[in-house]
Amino acid sequence: MVATGAMAAVGAIATAWPFINNLNPAADTLALSTVEVNVKAIAVGQAITVKWRGKPVFIRHRTPEEIKEAEAVKLSDLPDPATDDSRVTDTAKKVRREWLIVVGVCTHLGCVPLGTKPGDPRGEFGGWFCPCHGSQYDTSGRIRKGPAPKNLLVPDYLFSSDTLVKIG
Amino acid sequence: MASQHGAPPVFNNKVVAWIDHRLPIFSYLEKEYHTFPTPRNFNYFWNFGAIATVMLVLMIVTGIVLAMNYTPNSELAFDSVERIMRDVPSGWLIRYMHMTGASFFFAAVYVHIFRGLYYGSYKAPRELLWMLGVVILLLMMATAFLGYVLPWGQMSFWGATVITNLFSAIPVVGDSIVTWLWGGFAVDNPTLNRFFALHYLLPFIIVAVVALHVVALHVHGSNNPLGIDPKGPQDTVPFHPYYTMKDGFGLTVFLIIYAAFVFFAPNSLGEPVNYVQANPLVTPNEIVPEWYLLPFYAILRSIPDKLGGVIAMFGSIALLFVLPWLDTSRVRSCTFRPIYKWFVFVLVIDVLVLGYCGAHPPEGGFVIASRLATIYYFFHFLVLLPILGKIERPLPLPPSIADAVLKKKAV
């Protein structure tokens, strides 16, 4: 009896899996998972938004002051501690402090924070400000204030030259 | 064909008798909707169960017709809805009926829930009946949310983004759940497809739960404004024609108001920004749900912690499941509860305050107000209700429904 029941349970789970797996992203959705961007035209202090996996990605060419500001923050002041260097390192482990690349999705409930376009409010920490529930990010895309629990996600990216970056 | 209390019905029509002998649907209808003994003292609050049922049917009928012209594809959905509005014959009317119908369905259900709260309809032996009702409420919220995404406007898209992201607050499995909801890396075409499939499915599950709700109702019969059980035939009247007529009248008044909105102010309950097509790169200035979800949205935002907010929001509904056990008073109707009676109205005001806060950006006074209102909401159910039942001295209950009704008439 127990063995039969156990067998039936295994069968039921094995049958359920294809239905759950069916909800996962399809191959063609996954195929769209990288994007290549030429960052040559982005002036110092400027930022752009590119679309990657259906989401906005912010690429910011940081000014020396912004970099200094991001590096000066004590880790103990951060809700989600991360050094500035750890957030500007590409997959080849090369650190490029002038380029900050983050997914432009607030880690609270997924709104797009403001601060990329000129004239946008950037919040108290000079980075981004999420209008939905008031989360504020600094010049390293780290959460400083508001309900968001985590820093803006840094996607995997690789600079193939000084001006060409592949995201994803 | 007519029958007395208790006696099995006799059908004069031979076809009806033949069918009933093999499948007793006519006996069932006779017993449950004709002779069914119903307390004689219902007020108009008792209309709203029937009204909600009619709204459910109306939503399903209009929904099926809309689905014949709607395209669940992120490139085409918005335009297909505009086509329904402009080109499809009577499409505008069917869509406005469906849109406004959602609001009025919720309105009817909220009055129905208030009725249950005030007159203690959730108390023994009707706990399961009440809990099935809470299940219906949850299914309605899910269905309404899924349906709101389908036109693929800005609020559709960003509402879907915010609500699906709620699940990422769940430890360990949260991110997998969000991916399964999305079918991709963000809210996109696969999300719209699966939401449409589920939006079409859930109403029929609601129908099934409503059927269980009605079965449970007909075991012990309806509660009534006095909250005391009928003691005999002098306390009841047959459901038909007495309450079919009363429900019919209330339904007509309700539908007149509904029709006024459908024809004269169909967009007054919605957000204009949803007539802008979804753009994944631009968040609207403010993300607000439809009015019927605002109090829960306010609870979500009042907690300055992602997981905490999600727990509080779901907790506010989960509390309703255990309400029959949180209320320690054995008196059902607030008519005889001199203290608690007022707190029911305080709760209503509290929920309205939450709704008002939910409609405004979380700044300054709104943050404080929604926090206080959230605290009061939980205080009402978790502290006030259990304690009040112990310390409150209820008024004397009348000996029977007939007694109370006739005495009132005499005065």
# chains A, B, ... in the order shown; residues from 1 in each chain; ligands from 1
call {"tool": "select_by_dssp", "arguments": {"residues": "segment 8-176 of chain B", "states": "alpha helix (DSSP H)", "output": "PyMOL selection string"}}
result
chain B and resi 14-22+25-29+48-67+77-86+91-118+127-149+154-166+174-176
call {"tool": "write_last_selection", "arguments": {"atoms": "C-alpha atoms", "output": "short mmCIF file (atom, residue, chain, number, x, y, z; two decimals), in the first residue's frame"}}
result
data_model
loop_
_atom_site.label_atom_id
_atom_site.label_comp_id
_atom_site.auth_asym_id
_atom_site.auth_seq_id
_atom_site.Cartn_x
_atom_site.Cartn_y
_atom_site.Cartn_z
CA LYS B 14 -46.45 15.22 -17.41
CA VAL B 15 -43.13 16.20 -18.97
CA VAL B 16 -42.02 17.96 -15.78
CA ALA B 17 -43.12 14.96 -13.71
CA TRP B 18 -41.27 12.55 -16.05
CA ILE B 19 -38.04 14.53 -15.84
CA ASP B 20 -38.33 15.14 -12.13
CA HIS B 21 -38.73 11.42 -11.45
CA ARG B 22 -35.35 10.81 -13.12
CA ILE B 25 -34.28 19.47 -10.61
CA PHE B 26 -37.86 20.71 -10.32
CA SER B 27 -38.23 19.33 -6.79
CA TYR B 28 -34.95 21.00 -5.95
CA LEU B 29 -36.01 24.40 -7.27
CA PHE B 48 -27.04 42.06 -2.13
CA GLY B 49 -26.35 38.34 -2.40
CA ALA B 50 -28.81 38.10 -5.26
CA ILE B 51 -27.50 41.35 -6.78
CA ALA B 52 -23.92 40.05 -6.66
CA THR B 53 -25.01 36.82 -8.36
CA VAL B 54 -26.66 38.76 -11.18
CA MET B 55 -23.51 40.89 -11.57
CA LEU B 56 -21.40 37.73 -11.79
CA VAL B 57 -23.59 36.40 -14.61
CA LEU B 58 -23.50 39.80 -16.33
CA MET B 59 -19.69 39.88 -16.13
CA ILE B 60 -19.42 36.39 -17.63
CA VAL B 61 -21.83 37.12 -20.48
CA THR B 62 -20.22 40.46 -21.43
CA GLY B 63 -16.76 38.92 -20.96
CA ILE B 64 -17.40 36.04 -23.35
CA VAL B 65 -18.63 38.45 -26.03
CA LEU B 66 -15.61 40.73 -25.51
CA ALA B 67 -13.23 37.77 -25.81
CA ALA B 77 -4.17 44.02 -27.45
CA PHE B 78 -4.45 47.79 -27.02
CA ASP B 79 -5.63 48.29 -30.61
CA SER B 80 -8.07 45.39 -30.38
CA VAL B 81 -9.73 47.07 -27.39
CA GLU B 82 -9.91 50.37 -29.31
CA ARG B 83 -11.43 48.43 -32.21
CA ILE B 84 -14.08 47.04 -29.85
CA MET B 85 -14.81 50.61 -28.77
CA ARG B 86 -15.00 52.13 -32.28
CA GLY B 91 -18.72 46.92 -28.70
CA TRP B 92 -18.49 50.16 -26.71
CA LEU B 93 -21.59 49.26 -24.73
CA ILE B 94 -20.48 45.72 -23.94
CA ARG B 95 -17.04 46.94 -22.86
CA TYR B 96 -18.45 49.73 -20.71
CA MET B 97 -20.87 47.24 -19.15
CA HIS B 98 -17.94 44.94 -18.35
CA MET B 99 -15.68 47.72 -17.05
CA THR B 100 -18.34 49.40 -14.92
CA GLY B 101 -19.76 45.99 -14.02
CA ALA B 102 -16.52 45.11 -12.23
CA SER B 103 -16.90 48.16 -10.00
CA PHE B 104 -20.54 47.46 -9.28
CA PHE B 105 -19.88 43.78 -8.63
CA PHE B 106 -17.35 44.82 -5.99
CA ALA B 107 -19.70 47.46 -4.60
CA ALA B 108 -22.46 44.86 -4.19
CA VAL B 109 -20.06 42.40 -2.58
CA TYR B 110 -18.71 45.01 -0.18
CA VAL B 111 -22.24 45.88 0.97
CA HIS B 112 -22.90 42.14 1.29
CA ILE B 113 -19.78 41.79 3.47
CA PHE B 114 -20.79 44.79 5.60
CA ARG B 115 -24.18 43.14 6.09
CA GLY B 116 -22.41 40.00 7.28
CA LEU B 117 -20.20 42.01 9.66
CA TYR B 118 -22.99 44.08 11.17
CA GLU B 127 -18.56 29.84 9.61
CA LEU B 128 -17.89 27.81 6.45
CA LEU B 129 -20.46 29.84 4.55
CA TRP B 130 -18.54 32.98 5.52
CA MET B 131 -15.14 31.46 4.70
CA LEU B 132 -16.37 30.43 1.25
CA GLY B 133 -17.41 34.06 0.83
CA VAL B 134 -13.86 35.20 1.64
CA VAL B 135 -12.57 32.74 -0.98
CA ILE B 136 -14.96 34.33 -3.49
CA LEU B 137 -13.62 37.79 -2.56
CA LEU B 138 -10.03 36.66 -3.11
CA LEU B 139 -10.91 35.06 -6.46
CA MET B 140 -12.73 38.24 -7.48
CA MET B 141 -9.68 40.35 -6.66
CA ALA B 142 -7.44 38.04 -8.69
CA THR B 143 -9.87 38.06 -11.61
CA ALA B 144 -10.27 41.83 -11.53
CA PHE B 145 -6.51 42.33 -11.47
CA LEU B 146 -5.94 39.91 -14.37
CA GLY B 147 -8.72 41.55 -16.36
CA TYR B 148 -7.36 45.04 -15.77
CA VAL B 149 -4.08 43.99 -17.42
CA GLN B 154 0.03 52.11 -19.04
CA MET B 155 -1.80 51.34 -15.81
CA SER B 156 -2.41 47.75 -16.96
CA PHE B 157 1.28 47.24 -17.52
CA TRP B 158 2.58 48.98 -14.41
CA GLY B 159 -0.13 47.57 -12.20
CA ALA B 160 0.86 44.11 -13.41
CA THR B 161 4.53 44.93 -12.75
CA VAL B 162 3.91 46.12 -9.20
CA ILE B 163 1.53 43.31 -8.24
CA THR B 164 3.63 40.48 -9.72
CA ASN B 165 6.67 41.96 -7.99
CA LEU B 166 4.87 41.52 -4.66
CA GLY B 174 9.76 34.35 -4.65
CA ASP B 175 11.88 34.96 -7.74
CA SER B 176 10.87 31.64 -9.33
#
call {"tool": "closest_atom_pairs", "arguments": {"of": "chain A", "to": "chain B", "cutoff": "8 Å", "atoms": "only C-alpha atoms", "output": "Markdown table"}}
result
| residue | atom | partner | partner_atom | distance |
| --- | --- | --- | --- | --- |
| A:Ile20 | CA | B:Trp180 | CA | 7.7 |
| A:Leu23 | CA | B:Trp180 | CA | 4.9 |
| A:Asn24 | CA | B:Gly183 | CA | 5.0 |
| A:Pro25 | CA | B:Gly183 | CA | 4.4 |
| A:Ala26 | CA | B:Gly183 | CA | 7.2 |
| A:Thr29 | CA | B:Gly184 | CA | 6.4 |
| A:Leu30 | CA | B:Gly184 | CA | 7.5 |
| A:Lys51 | CA | B:Leu281 | CA | 7.6 |
| A:Arg53 | CA | B:Phe185 | CA | 5.8 |
| A:Gly54 | CA | B:Ala186 | CA | 5.9 |
| A:Lys55 | CA | B:Ala186 | CA | 6.5 |
| A:Pro56 | CA | B:Leu281 | CA | 5.7 |
| A:His108 | CA | B:Lys306 | CA | 6.5 |
| A:Leu109 | CA | B:Val162 | CA | 4.7 |
| A:Gly110 | CA | B:Val162 | CA | 5.8 |
| A:Cys111 | CA | B:Thr283 | CA | 6.0 |
| A:Val112 | CA | B:Thr283 | CA | 5.6 |
| A:Pro113 | CA | B:Thr283 | CA | 8.0 |
| A:Pro131 | CA | B:Asn285 | CA | 6.5 |
| A:Cys132 | CA | B:Glu286 | CA | 5.9 |
| A:His133 | CA | B:Pro362 | CA | 6.4 |
| A:Gly134 | CA | B:Pro362 | CA | 7.7 |
| A:Gly146 | CA | B:Pro304 | CA | 7.3 |
| A:Pro147 | CA | B:Pro304 | CA | 5.2 |
| A:Ala148 | CA | B:Lys306 | CA | 6.8 |
| A:Pro149 | CA | B:Lys306 | CA | 6.8 |
call {"tool": "residues_around", "arguments": {"residues": "segment 247-257 of chain B", "least_positions_apart": "4", "cutoff": "8 Å", "atoms": "only C-alpha atoms", "output": "PDB file with all heavy atoms, in the first residue's frame"}}
result
ATOM      1  N   TYR B  44     -33.326  45.608   3.369  1.00  0.00           N
ATOM      2  CA  TYR B  44     -32.785  45.636   2.000  1.00  0.00           C
ATOM      3  C   TYR B  44     -31.321  45.205   1.911  1.00  0.00           C
ATOM      4  O   TYR B  44     -30.828  44.918   0.835  1.00  0.00           O
ATOM      5  CB  TYR B  44     -32.999  47.017   1.364  1.00  0.00           C
ATOM      6  CG  TYR B  44     -34.417  47.150   0.867  1.00  0.00           C
ATOM      7  CD1 TYR B  44     -35.346  47.954   1.524  1.00  0.00           C
ATOM      8  CD2 TYR B  44     -34.838  46.423  -0.248  1.00  0.00           C
ATOM      9  CE1 TYR B  44     -36.644  48.037   1.068  1.00  0.00           C
ATOM     10  CE2 TYR B  44     -36.143  46.497  -0.700  1.00  0.00           C
ATOM     11  CZ  TYR B  44     -37.045  47.304  -0.042  1.00  0.00           C
ATOM     12  OH  TYR B  44     -38.327  47.364  -0.486  1.00  0.00           O
ATOM     13  N   TRP B  46     -30.359  42.462   2.667  1.00  0.00           N
ATOM     14  CA  TRP B  46     -30.389  41.059   2.240  1.00  0.00           C
ATOM     15  C   TRP B  46     -30.562  40.891   0.735  1.00  0.00           C
ATOM     16  O   TRP B  46     -30.665  39.800   0.231  1.00  0.00           O
ATOM     17  CB  TRP B  46     -31.462  40.291   3.037  1.00  0.00           C
ATOM     18  CG  TRP B  46     -30.836  39.610   4.204  1.00  0.00           C
ATOM     19  CD1 TRP B  46     -30.462  38.299   4.277  1.00  0.00           C
ATOM     20  CD2 TRP B  46     -30.469  40.190   5.467  1.00  0.00           C
ATOM     21  NE1 TRP B  46     -29.876  38.034   5.481  1.00  0.00           N
ATOM     22  CE2 TRP B  46     -29.865  39.175   6.234  1.00  0.00           C
ATOM     23  CE3 TRP B  46     -30.566  41.470   6.017  1.00  0.00           C
ATOM     24  CZ2 TRP B  46     -29.390  39.381   7.530  1.00  0.00           C
ATOM     25  CZ3 TRP B  46     -30.089  41.684   7.286  1.00  0.00           C
ATOM     26  CH2 TRP B  46     -29.506  40.651   8.031  1.00  0.00           C
ATOM     27  N   ASN B  47     -30.637  42.023   0.013  1.00  0.00           N
ATOM     28  CA  ASN B  47     -30.732  41.938  -1.449  1.00  0.00           C
ATOM     29  C   ASN B  47     -29.398  41.634  -2.115  1.00  0.00           C
ATOM     30  O   ASN B  47     -29.355  41.192  -3.249  1.00  0.00           O
ATOM     31  CB  ASN B  47     -31.203  43.288  -2.024  1.00  0.00           C
ATOM     32  CG  ASN B  47     -32.705  43.445  -1.902  1.00  0.00           C
ATOM     33  OD1 ASN B  47     -33.408  42.463  -1.729  1.00  0.00           O
ATOM     34  ND2 ASN B  47     -33.174  44.654  -1.995  1.00  0.00           N
ATOM     35  N   ALA B  50     -28.185  38.305  -3.954  1.00  0.00           N
ATOM     36  CA  ALA B  50     -28.814  38.101  -5.264  1.00  0.00           C
ATOM     37  C   ALA B  50     -28.244  39.079  -6.285  1.00  0.00           C
ATOM     38  O   ALA B  50     -27.960  38.712  -7.428  1.00  0.00           O
ATOM     39  CB  ALA B  50     -30.323  38.279  -5.146  1.00  0.00           C
ATOM     40  N   ILE B  51     -28.048  40.336  -5.862  1.00  0.00           N
ATOM     41  CA  ILE B  51     -27.502  41.350  -6.777  1.00  0.00           C
ATOM     42  C   ILE B  51     -26.106  40.936  -7.250  1.00  0.00           C
ATOM     43  O   ILE B  51     -25.794  40.993  -8.442  1.00  0.00           O
ATOM     44  CB  ILE B  51     -27.464  42.736  -6.092  1.00  0.00           C
ATOM     45  CG1 ILE B  51     -28.894  43.261  -5.903  1.00  0.00           C
ATOM     46  CG2 ILE B  51     -26.630  43.723  -6.898  1.00  0.00           C
ATOM     47  CD1 ILE B  51     -28.993  44.532  -5.082  1.00  0.00           C
ATOM     48  N   TYR B 243     -39.435  36.935  -1.262  1.00  0.00           N
ATOM     49  CA  TYR B 243     -38.100  37.497  -1.456  1.00  0.00           C
ATOM     50  C   TYR B 243     -37.668  37.543  -2.902  1.00  0.00           C
ATOM     51  O   TYR B 243     -36.762  38.309  -3.249  1.00  0.00           O
ATOM     52  CB  TYR B 243     -37.092  36.777  -0.558  1.00  0.00           C
ATOM     53  CG  TYR B 243     -37.318  37.211   0.884  1.00  0.00           C
ATOM     54  CD1 TYR B 243     -37.617  36.306   1.874  1.00  0.00           C
ATOM     55  CD2 TYR B 243     -37.285  38.568   1.206  1.00  0.00           C
ATOM     56  CE1 TYR B 243     -37.858  36.717   3.167  1.00  0.00           C
ATOM     57  CE2 TYR B 243     -37.534  38.988   2.497  1.00  0.00           C
ATOM     58  CZ  TYR B 243     -37.819  38.059   3.486  1.00  0.00           C
ATOM     59  OH  TYR B 243     -38.065  38.486   4.758  1.00  0.00           O
ATOM     60  N   PHE B 261     -24.248  54.907 -14.689  1.00  0.00           N
ATOM     61  CA  PHE B 261     -22.789  54.968 -14.847  1.00  0.00           C
ATOM     62  C   PHE B 261     -22.369  54.470 -16.226  1.00  0.00           C
ATOM     63  O   PHE B 261     -21.519  55.072 -16.881  1.00  0.00           O
ATOM     64  CB  PHE B 261     -22.093  54.152 -13.754  1.00  0.00           C
ATOM     65  CG  PHE B 261     -21.795  54.950 -12.526  1.00  0.00           C
ATOM     66  CD1 PHE B 261     -22.743  55.081 -11.519  1.00  0.00           C
ATOM     67  CD2 PHE B 261     -20.575  55.591 -12.368  1.00  0.00           C
ATOM     68  CE1 PHE B 261     -22.482  55.834 -10.390  1.00  0.00           C
ATOM     69  CE2 PHE B 261     -20.298  56.343 -11.247  1.00  0.00           C
ATOM     70  CZ  PHE B 261     -21.253  56.471 -10.252  1.00  0.00           C
TER      71      PHE B 261
END
call {"tool": "residues_around", "arguments": {"residues": "Tyr340 of chain B", "least_positions_apart": "3", "cutoff": "12 Å", "atoms": "only C-alpha atoms", "output": "PDB file with C-alpha atoms, in the first residue's frame"}}
result
ATOM      1  CA  LEU B 117     -20.205  42.012   9.664  1.00  0.00           C
ATOM      2  CA  TYR B 118     -22.995  44.085  11.168  1.00  0.00           C
ATOM      3  CA  TYR B 119     -25.504  41.307  11.645  1.00  0.00           C
ATOM      4  CA  GLY B 120     -22.960  38.653  12.645  1.00  0.00           C
ATOM      5  CA  ASP B 327     -15.461  37.500  17.654  1.00  0.00           C
ATOM      6  CA  THR B 328     -16.126  36.044  21.086  1.00  0.00           C
ATOM      7  CA  SER B 329     -19.639  37.450  21.478  1.00  0.00           C
ATOM      8  CA  VAL B 331     -24.930  37.612  20.038  1.00  0.00           C
ATOM      9  CA  ARG B 332     -25.033  37.841  16.265  1.00  0.00           C
ATOM     10  CA  SER B 333     -26.807  41.072  15.414  1.00  0.00           C
ATOM     11  CA  CYS B 334     -25.305  44.472  16.276  1.00  0.00           C
ATOM     12  CA  THR B 335     -28.862  45.590  17.021  1.00  0.00           C
ATOM     13  CA  PHE B 336     -28.270  44.032  20.446  1.00  0.00           C
ATOM     14  CA  ARG B 337     -24.604  44.958  20.831  1.00  0.00           C
ATOM     15  CA  PHE B 343     -17.057  50.052  16.220  1.00  0.00           C
ATOM     16  CA  VAL B 344     -18.411  48.436  13.059  1.00  0.00           C
ATOM     17  CA  PHE B 345     -18.990  51.940  11.715  1.00  0.00           C
ATOM     18  CA  VAL B 346     -15.544  53.015  12.917  1.00  0.00           C
ATOM     19  CA  LEU B 347     -14.120  50.093  10.927  1.00  0.00           C
ATOM     20  CA  HIS B 380     -10.144  46.075  15.444  1.00  0.00           C
ATOM     21  CA  PHE B 381      -9.894  42.422  14.515  1.00  0.00           C
ATOM     22  CA  LEU B 384     -11.117  44.887  20.057  1.00  0.00           C
ATOM     23  CA  LEU B 385     -13.248  42.056  18.741  1.00  0.00           C
ATOM     24  CA  PRO B 386     -12.029  39.314  21.120  1.00  0.00           C
ATOM     25  CA  ILE B 387     -12.109  41.593  24.183  1.00  0.00           C
ATOM     26  CA  LEU B 388     -15.401  43.326  23.468  1.00  0.00           C
ATOM     27  CA  GLY B 389     -17.252  40.020  23.231  1.00  0.00           C
ATOM     28  CA  LYS B 390     -16.193  39.319  26.826  1.00  0.00           C
ATOM     29  CA  ILE B 391     -16.925  42.670  28.430  1.00  0.00           C
ATOM     30  CA  GLU B 392     -19.913  43.986  26.494  1.00  0.00           C
ATOM     31  CA  ARG B 393     -23.360  43.412  27.986  1.00  0.00           C
ATOM     32  CA  PRO B 394     -25.753  42.737  25.098  1.00  0.00           C
ATOM     33  CA  LEU B 395     -29.344  43.975  25.147  1.00  0.00           C
TER      34      LEU B 395
END
call {"tool": "select_by_dssp", "arguments": {"residues": "segment 43-94 of chain A", "states": "strand (DSSP E)", "output": "list in words"}}
result
Ala47, Ile48, Thr49, Val50, Lys51, Trp52, Lys55, Pro56, Val57, Phe58, Ile59, Arg60 and His61 of chain A
call {"tool": "write_last_selection", "arguments": {"atoms": "all heavy atoms", "output": "mmCIF file, in the first residue's frame"}}
result
data_model
loop_
_atom_site.group_PDB
_atom_site.id
_atom_site.type_symbol
_atom_site.label_atom_id
_atom_site.label_comp_id
_atom_site.auth_asym_id
_atom_site.auth_seq_id
_atom_site.Cartn_x
_atom_site.Cartn_y
_atom_site.Cartn_z
ATOM 1 N N ALA A 47 23.507 60.166 -19.194
ATOM 2 C CA ALA A 47 23.095 58.770 -19.035
ATOM 3 C C ALA A 47 22.092 58.425 -20.116
ATOM 4 O O ALA A 47 21.383 59.302 -20.612
ATOM 5 C CB ALA A 47 22.483 58.561 -17.656
ATOM 6 N N ILE A 48 22.043 57.156 -20.493
ATOM 7 C CA ILE A 48 21.037 56.728 -21.471
ATOM 8 C C ILE A 48 20.289 55.516 -20.932
ATOM 9 O O ILE A 48 20.719 54.876 -19.969
ATOM 10 C CB ILE A 48 21.654 56.379 -22.850
ATOM 11 C CG1 ILE A 48 22.636 55.204 -22.721
ATOM 12 C CG2 ILE A 48 22.315 57.588 -23.472
ATOM 13 C CD1 ILE A 48 22.895 54.489 -24.020
ATOM 14 N N THR A 49 19.159 55.228 -21.577
ATOM 15 C CA THR A 49 18.383 54.042 -21.244
ATOM 16 C C THR A 49 18.350 53.141 -22.471
ATOM 17 O O THR A 49 18.028 53.603 -23.559
ATOM 18 C CB THR A 49 16.939 54.436 -20.880
ATOM 19 O OG1 THR A 49 16.991 55.395 -19.828
ATOM 20 C CG2 THR A 49 16.140 53.232 -20.416
ATOM 21 N N VAL A 50 18.716 51.874 -22.290
ATOM 22 C CA VAL A 50 18.551 50.914 -23.385
ATOM 23 C C VAL A 50 17.626 49.805 -22.902
ATOM 24 O O VAL A 50 17.469 49.582 -21.705
ATOM 25 C CB VAL A 50 19.903 50.309 -23.841
ATOM 26 C CG1 VAL A 50 20.793 51.387 -24.414
ATOM 27 C CG2 VAL A 50 20.583 49.567 -22.708
ATOM 28 N N LYS A 51 16.998 49.125 -23.865
ATOM 29 C CA LYS A 51 16.058 48.069 -23.489
ATOM 30 C C LYS A 51 16.768 46.715 -23.553
ATOM 31 O O LYS A 51 17.374 46.370 -24.579
ATOM 32 C CB LYS A 51 14.863 48.095 -24.443
ATOM 33 C CG LYS A 51 13.649 47.386 -23.891
ATOM 34 C CD LYS A 51 12.451 47.665 -24.789
ATOM 35 C CE LYS A 51 11.369 46.627 -24.527
ATOM 36 N NZ LYS A 51 10.235 46.784 -25.453
ATOM 37 N N TRP A 52 16.693 45.998 -22.455
ATOM 38 C CA TRP A 52 17.324 44.674 -22.396
ATOM 39 C C TRP A 52 16.354 43.728 -21.698
ATOM 40 O O TRP A 52 15.872 44.044 -20.615
ATOM 41 C CB TRP A 52 18.644 44.785 -21.618
ATOM 42 C CG TRP A 52 19.304 43.487 -21.301
ATOM 43 C CD1 TRP A 52 19.860 42.602 -22.190
ATOM 44 C CD2 TRP A 52 19.490 42.911 -19.998
ATOM 45 N NE1 TRP A 52 20.376 41.524 -21.524
ATOM 46 C CE2 TRP A 52 20.167 41.687 -20.174
ATOM 47 C CE3 TRP A 52 19.154 43.307 -18.705
ATOM 48 C CZ2 TRP A 52 20.505 40.851 -19.105
ATOM 49 C CZ3 TRP A 52 19.492 42.494 -17.644
ATOM 50 C CH2 TRP A 52 20.158 41.279 -17.847
ATOM 51 N N LYS A 55 13.322 45.143 -20.227
ATOM 52 C CA LYS A 55 13.477 46.074 -19.107
ATOM 53 C C LYS A 55 14.432 47.200 -19.485
ATOM 54 O O LYS A 55 15.320 47.006 -20.314
ATOM 55 C CB LYS A 55 14.056 45.348 -17.884
ATOM 56 C CG LYS A 55 13.108 44.353 -17.270
ATOM 57 C CD LYS A 55 13.688 43.789 -15.995
ATOM 58 C CE LYS A 55 14.395 42.482 -16.229
ATOM 59 N NZ LYS A 55 14.446 41.642 -15.030
ATOM 60 N N PRO A 56 14.292 48.353 -18.860
ATOM 61 C CA PRO A 56 15.257 49.417 -19.122
ATOM 62 C C PRO A 56 16.576 49.156 -18.401
ATOM 63 O O PRO A 56 16.580 48.640 -17.277
ATOM 64 C CB PRO A 56 14.571 50.657 -18.554
ATOM 65 C CG PRO A 56 13.584 50.156 -17.567
ATOM 66 C CD PRO A 56 13.220 48.764 -17.952
ATOM 67 N N VAL A 57 17.683 49.486 -19.080
ATOM 68 C CA VAL A 57 19.005 49.450 -18.430
ATOM 69 C C VAL A 57 19.577 50.856 -18.533
ATOM 70 O O VAL A 57 19.537 51.469 -19.602
ATOM 71 C CB VAL A 57 19.931 48.428 -19.125
ATOM 72 C CG1 VAL A 57 21.361 48.604 -18.657
ATOM 73 C CG2 VAL A 57 19.453 47.012 -18.835
ATOM 74 N N PHE A 58 20.046 51.356 -17.390
ATOM 75 C CA PHE A 58 20.645 52.697 -17.375
ATOM 76 C C PHE A 58 22.150 52.563 -17.552
ATOM 77 O O PHE A 58 22.804 51.789 -16.839
ATOM 78 C CB PHE A 58 20.395 53.398 -16.037
ATOM 79 C CG PHE A 58 18.943 53.596 -15.707
ATOM 80 C CD1 PHE A 58 18.518 53.583 -14.377
ATOM 81 C CD2 PHE A 58 17.990 53.809 -16.699
ATOM 82 C CE1 PHE A 58 17.187 53.780 -14.048
ATOM 83 C CE2 PHE A 58 16.658 54.006 -16.386
ATOM 84 C CZ PHE A 58 16.253 53.995 -15.057
ATOM 85 N N ILE A 59 22.701 53.338 -18.481
ATOM 86 C CA ILE A 59 24.162 53.413 -18.622
ATOM 87 C C ILE A 59 24.549 54.855 -18.331
ATOM 88 O O ILE A 59 24.147 55.767 -19.061
ATOM 89 C CB ILE A 59 24.606 53.010 -20.045
ATOM 90 C CG1 ILE A 59 24.087 51.597 -20.378
ATOM 91 C CG2 ILE A 59 26.134 53.069 -20.149
ATOM 92 C CD1 ILE A 59 24.422 51.151 -21.783
ATOM 93 N N ARG A 60 25.291 55.063 -17.263
ATOM 94 C CA ARG A 60 25.636 56.426 -16.867
ATOM 95 C C ARG A 60 27.143 56.642 -16.948
ATOM 96 O O ARG A 60 27.924 55.850 -16.440
ATOM 97 C CB ARG A 60 25.152 56.681 -15.434
ATOM 98 C CG ARG A 60 25.360 58.109 -14.989
ATOM 99 C CD ARG A 60 24.924 58.299 -13.567
ATOM 100 N NE ARG A 60 23.594 58.887 -13.499
ATOM 101 C CZ ARG A 60 23.087 59.436 -12.404
ATOM 102 N NH1 ARG A 60 23.759 59.453 -11.286
ATOM 103 N NH2 ARG A 60 21.897 59.950 -12.409
ATOM 104 N N HIS A 61 27.504 57.726 -17.625
ATOM 105 C CA HIS A 61 28.914 58.120 -17.703
ATOM 106 C C HIS A 61 29.164 59.069 -16.529
ATOM 107 O O HIS A 61 28.831 60.239 -16.585
ATOM 108 C CB HIS A 61 29.164 58.814 -19.042
ATOM 109 C CG HIS A 61 30.625 58.908 -19.383
ATOM 110 N ND1 HIS A 61 31.077 59.264 -20.625
ATOM 111 C CD2 HIS A 61 31.732 58.666 -18.643
ATOM 112 C CE1 HIS A 61 32.392 59.271 -20.625
ATOM 113 N NE2 HIS A 61 32.825 58.899 -19.433
#
call {"tool": "closest_residue", "arguments": {"among": "A:Asp90, A:Asp28, A:Glu69, A:Glu36", "to": "Asp156 of chain A", "atoms": "only C-alpha atoms"}}
result
A:Asp90
